[in-house]
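A.B. asks: First the structure, which I've put down as structure tokens, then a few questions once you've had a look.
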Amino acid sequence: MKKKTGSVFRELGYFASLGMSVALSIFLGLFLGLWLDKKFDTDPILMFIGLAMGIAAGFSNIIRAGKKGRKF
Amino acid sequence: MGHPYLILTSLFGLFGLDGWAAKNPHVTYMWLAMIVLIFFGWLGGKSISMVPKKAQNVFEVLISGLEDFMVTITGDEGRKSFPLVLTIFIFVLFGNLMGLVPAFFPPTANINTTLALAIIAVVWSHVIGIQLHGVKYIKHFLGPIPAMIPLFLPIEIIGHTARVLSLTFRLFGNMAGHELVTIILLTLGGMFLAPLPVMALGTFVALVQALVFFLLSTMYIAGAIEEAH
């Protein structure tokens, strides 16, 4: 990848969007777990699994951004 | 808190569609944006010549600048999806700027519009990935180790769904917030030009949000184009 004048904006836009995607991944996992709990009647278990999945998804976003950040 | 006065709603009131237009201002104003953009596209494409004139100059600078910008991110394979992403950019920019005109409602300040745009952008990035990699595109979702597929698959699916939501809520939140602040300042101190600074900020926000939407769509397309880890 070449370095150009646009790369500052590119990084800015990409990393500024990171926080939001982390938060939304966590909430998405949480609500998915809650919905599955209601469906299968297993009250707290799937909620915690979903929450853990959401947190893992959010962190995988951060890790991927870090890997990408080295390439810029 | 509703909009104090919308010109298209009273225009539709002439045909007896008052209640419907008041309930769905984003639809009517999206039609307006579509009409204006199609007109400009027709105007720009009407008389293409080798030596560009006024209107063609503007379009060429906008389009070729953004195309170069996109190709530096995605590489040459991304050139195919440039028309879609540029259309989204121009529509979002025009829709955002519409909110600065009095008696106009920005269509991007409604969550239905932004959700539709985000779904189109993200689904298109997966279409591009499947076109380029075929069945192997699923490797993007499976992680590095085969034994951990049951763990990685839901995580990746959650991450990709969060992309749609983050695109949706960012644009919707910015534009709806701008509308709300303008309306509140207008009702509180409209006589003293109180909303003027917010509207000046609004021009900046409109441009930045359109650019961010464009940039993130190209980022997702670039992520689909590159080889799986």
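In the structure tokens, each chain is lettered A, B, ... as it comes, each chain's residues begin at 1, and ligands are numbered from 1 in order of appearance.
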Residues at most 9 Å from Thr113 (chain B), counting only C-alpha atoms, excluding those fewer than 4 positions away in the same chain, as a PDB file with N, CA, C and O atoms, in the first residue's frame?
C.D. replies:
```pdb
ATOM      1  N   HIS B  26     -39.382  11.501   5.391  1.00  0.00           N
ATOM      2  CA  HIS B  26     -38.129  11.026   4.787  1.00  0.00           C
ATOM      3  C   HIS B  26     -38.377  10.446   3.402  1.00  0.00           C
ATOM      4  O   HIS B  26     -37.516  10.518   2.533  1.00  0.00           O
ATOM      5  N   VAL B  27     -39.573   9.862   3.189  1.00  0.00           N
ATOM      6  CA  VAL B  27     -39.856   9.281   1.874  1.00  0.00           C
ATOM      7  C   VAL B  27     -40.013  10.382   0.834  1.00  0.00           C
ATOM      8  O   VAL B  27     -39.399  10.333  -0.237  1.00  0.00           O
ATOM      9  N   MET B  30     -36.775  12.027   0.175  1.00  0.00           N
ATOM     10  CA  MET B  30     -35.855  11.171  -0.593  1.00  0.00           C
ATOM     11  C   MET B  30     -36.226  11.205  -2.062  1.00  0.00           C
ATOM     12  O   MET B  30     -35.349  11.210  -2.928  1.00  0.00           O
ATOM     13  N   PRO B 107     -33.389  13.360   4.441  1.00  0.00           N
ATOM     14  CA  PRO B 107     -33.836  11.962   4.453  1.00  0.00           C
ATOM     15  C   PRO B 107     -32.913  11.054   5.239  1.00  0.00           C
ATOM     16  O   PRO B 107     -33.333   9.990   5.668  1.00  0.00           O
ATOM     17  N   THR B 108     -31.654  11.473   5.449  1.00  0.00           N
ATOM     18  CA  THR B 108     -30.737  10.623   6.198  1.00  0.00           C
ATOM     19  C   THR B 108     -30.940  10.753   7.701  1.00  0.00           C
ATOM     20  O   THR B 108     -30.269  10.080   8.460  1.00  0.00           O
ATOM     21  N   ALA B 109     -31.850  11.632   8.144  1.00  0.00           N
ATOM     22  CA  ALA B 109     -32.108  11.744   9.579  1.00  0.00           C
ATOM     23  C   ALA B 109     -33.188  10.775  10.019  1.00  0.00           C
ATOM     24  O   ALA B 109     -33.733  10.912  11.107  1.00  0.00           O
ATOM     25  N   LEU B 117     -29.316   2.029   3.379  1.00  0.00           N
ATOM     26  CA  LEU B 117     -28.017   2.305   2.761  1.00  0.00           C
ATOM     27  C   LEU B 117     -26.935   1.396   3.320  1.00  0.00           C
ATOM     28  O   LEU B 117     -26.101   0.856   2.575  1.00  0.00           O
ATOM     29  N   ALA B 118     -26.953   1.190   4.645  1.00  0.00           N
ATOM     30  CA  ALA B 118     -25.910   0.367   5.266  1.00  0.00           C
ATOM     31  C   ALA B 118     -26.038  -1.082   4.815  1.00  0.00           C
ATOM     32  O   ALA B 118     -25.031  -1.742   4.544  1.00  0.00           O
ATOM     33  N   THR B 168     -25.342   2.381  10.299  1.00  0.00           N
ATOM     34  CA  THR B 168     -26.678   2.936  10.450  1.00  0.00           C
ATOM     35  C   THR B 168     -26.728   4.009  11.516  1.00  0.00           C
ATOM     36  O   THR B 168     -27.151   5.133  11.268  1.00  0.00           O
ATOM     37  N   PHE B 172     -27.417   8.118  11.197  1.00  0.00           N
ATOM     38  CA  PHE B 172     -28.717   8.520  11.741  1.00  0.00           C
ATOM     39  C   PHE B 172     -28.544   9.412  12.956  1.00  0.00           C
ATOM     40  O   PHE B 172     -29.199  10.451  13.075  1.00  0.00           O
TER      41      PHE B 172
END
```
A.B. asks: Report as a count of residues only the set of chain B residues whose atoms approach chain A to within 8 Å, with distances computed over only C-alpha atoms.
C.D. replies: 17
A.B. asks: Would you list, as JSON, numbers by chain, the residues of chain B that end up in alpha helix (DSSP H) under DSSP run on this structure's backbone?
C.D. replies: {"B": [7, 8, 9, 10, 11, 12, 13, 18, 19, 20, 21, 22, 23, 25, 26, 27, 28, 29, 30, 31, 32, 33, 34, 35, 36, 37, 38, 39, 40, 41, 42, 43, 44, 45, 46, 54, 55, 56, 57, 58, 59, 60, 61, 62, 63, 64, 65, 66, 67, 68, 69, 70, 71, 72, 73, 74, 82, 83, 84, 85, 86, 87, 88, 89, 90, 91, 92, 93, 94, 95, 96, 97, 98, 111, 112, 113, 114, 115, 116, 117, 118, 119, 120, 121, 122, 123, 124, 125, 126, 127, 128, 129, 130, 131, 132, 133, 149, 150, 151, 152, 153, 154, 155, 156, 157, 158, 159, 160, 161, 162, 163, 164, 165, 166, 167, 168, 169, 170, 171, 172, 173, 174, 175, 176, 177, 178, 179, 180, 181, 182, 183, 184, 185, 186, 187, 188, 189, 196, 197, 198, 199, 200, 201, 202, 203, 204, 205, 206, 207, 208, 209, 210, 211, 212, 213, 214, 215, 216, 217, 218, 219, 220, 221, 222, 223, 224, 225]}
A.B. asks: Mind checking which residues fall within 9 Å of Leu86 (chain B), counting only C-alpha atoms, ignoring those fewer than 6 positions away in the same chain, and posting them as a PyMOL selection string?
C.D. replies: chain B and resi 63+66-67+214
A.B. asks: Kindly save the residues from that selection, with N, CA and C atoms included, as a PDB file, in the first residue's frame.
C.D. replies:
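Resulting contents of selection-v4.pdb:
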```pdb
ATOM      1  N   ILE B  63     -15.513  13.012  -9.291  1.00  0.00           N
ATOM      2  CA  ILE B  63     -15.543  11.569  -9.512  1.00  0.00           C
ATOM      3  C   ILE B  63     -14.141  10.993  -9.607  1.00  0.00           C
ATOM      4  N   LEU B  66     -12.368  10.979  -6.156  1.00  0.00           N
ATOM      5  CA  LEU B  66     -12.835   9.925  -5.262  1.00  0.00           C
ATOM      6  C   LEU B  66     -12.443   8.550  -5.779  1.00  0.00           C
ATOM      7  N   GLU B  67     -12.381   8.406  -7.102  1.00  0.00           N
ATOM      8  CA  GLU B  67     -12.009   7.095  -7.639  1.00  0.00           C
ATOM      9  C   GLU B  67     -10.559   6.774  -7.297  1.00  0.00           C
ATOM     10  N   PHE B 214     -18.710   6.789   2.992  1.00  0.00           N
ATOM     11  CA  PHE B 214     -17.991   6.352   1.786  1.00  0.00           C
ATOM     12  C   PHE B 214     -16.746   5.560   2.149  1.00  0.00           C
TER      13      PHE B 214
END
```
A.B. asks: Expressed in Å to a single decimal, how great is the separation between CA of Thr218 (chain B) and CA of Ala206 (chain B)?
C.D. replies: 18.5 Å
A.B. asks: CA of His178 (chain B) and CA of Leu84 (chain B), how far apart in Å?
C.D. replies: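 Taking CA of Leu84 (chain B) as the start and CA of His178 (chain B) as the end point, the length is 26.6 Å.
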A.B. asks: Calculated over only C-alpha atoms, which of the candidates A:Phe48, A:Asp43, A:Arg64, A:Arg70 has the smallest distance to Leu30 (chain A)?
C.D. replies: A:Phe48
A.B. asks: If I take CA of Arg170 (chain B) and CA of Ile90 (chain B), how far is one from the other in Å, to one decimal?
C.D. replies: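 Those two atoms sit 17.1 Å apart.
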A.B. asks: Quick one: residues within 10 Å of Tyr220 (chain B), only C-alpha atoms counted, chain neighbours fewer than 3 positions away excluded, as an MDAnalysis selection string?
C.D. replies: chainID B and resid 74 121:126 129 160 163 215:217 223:225
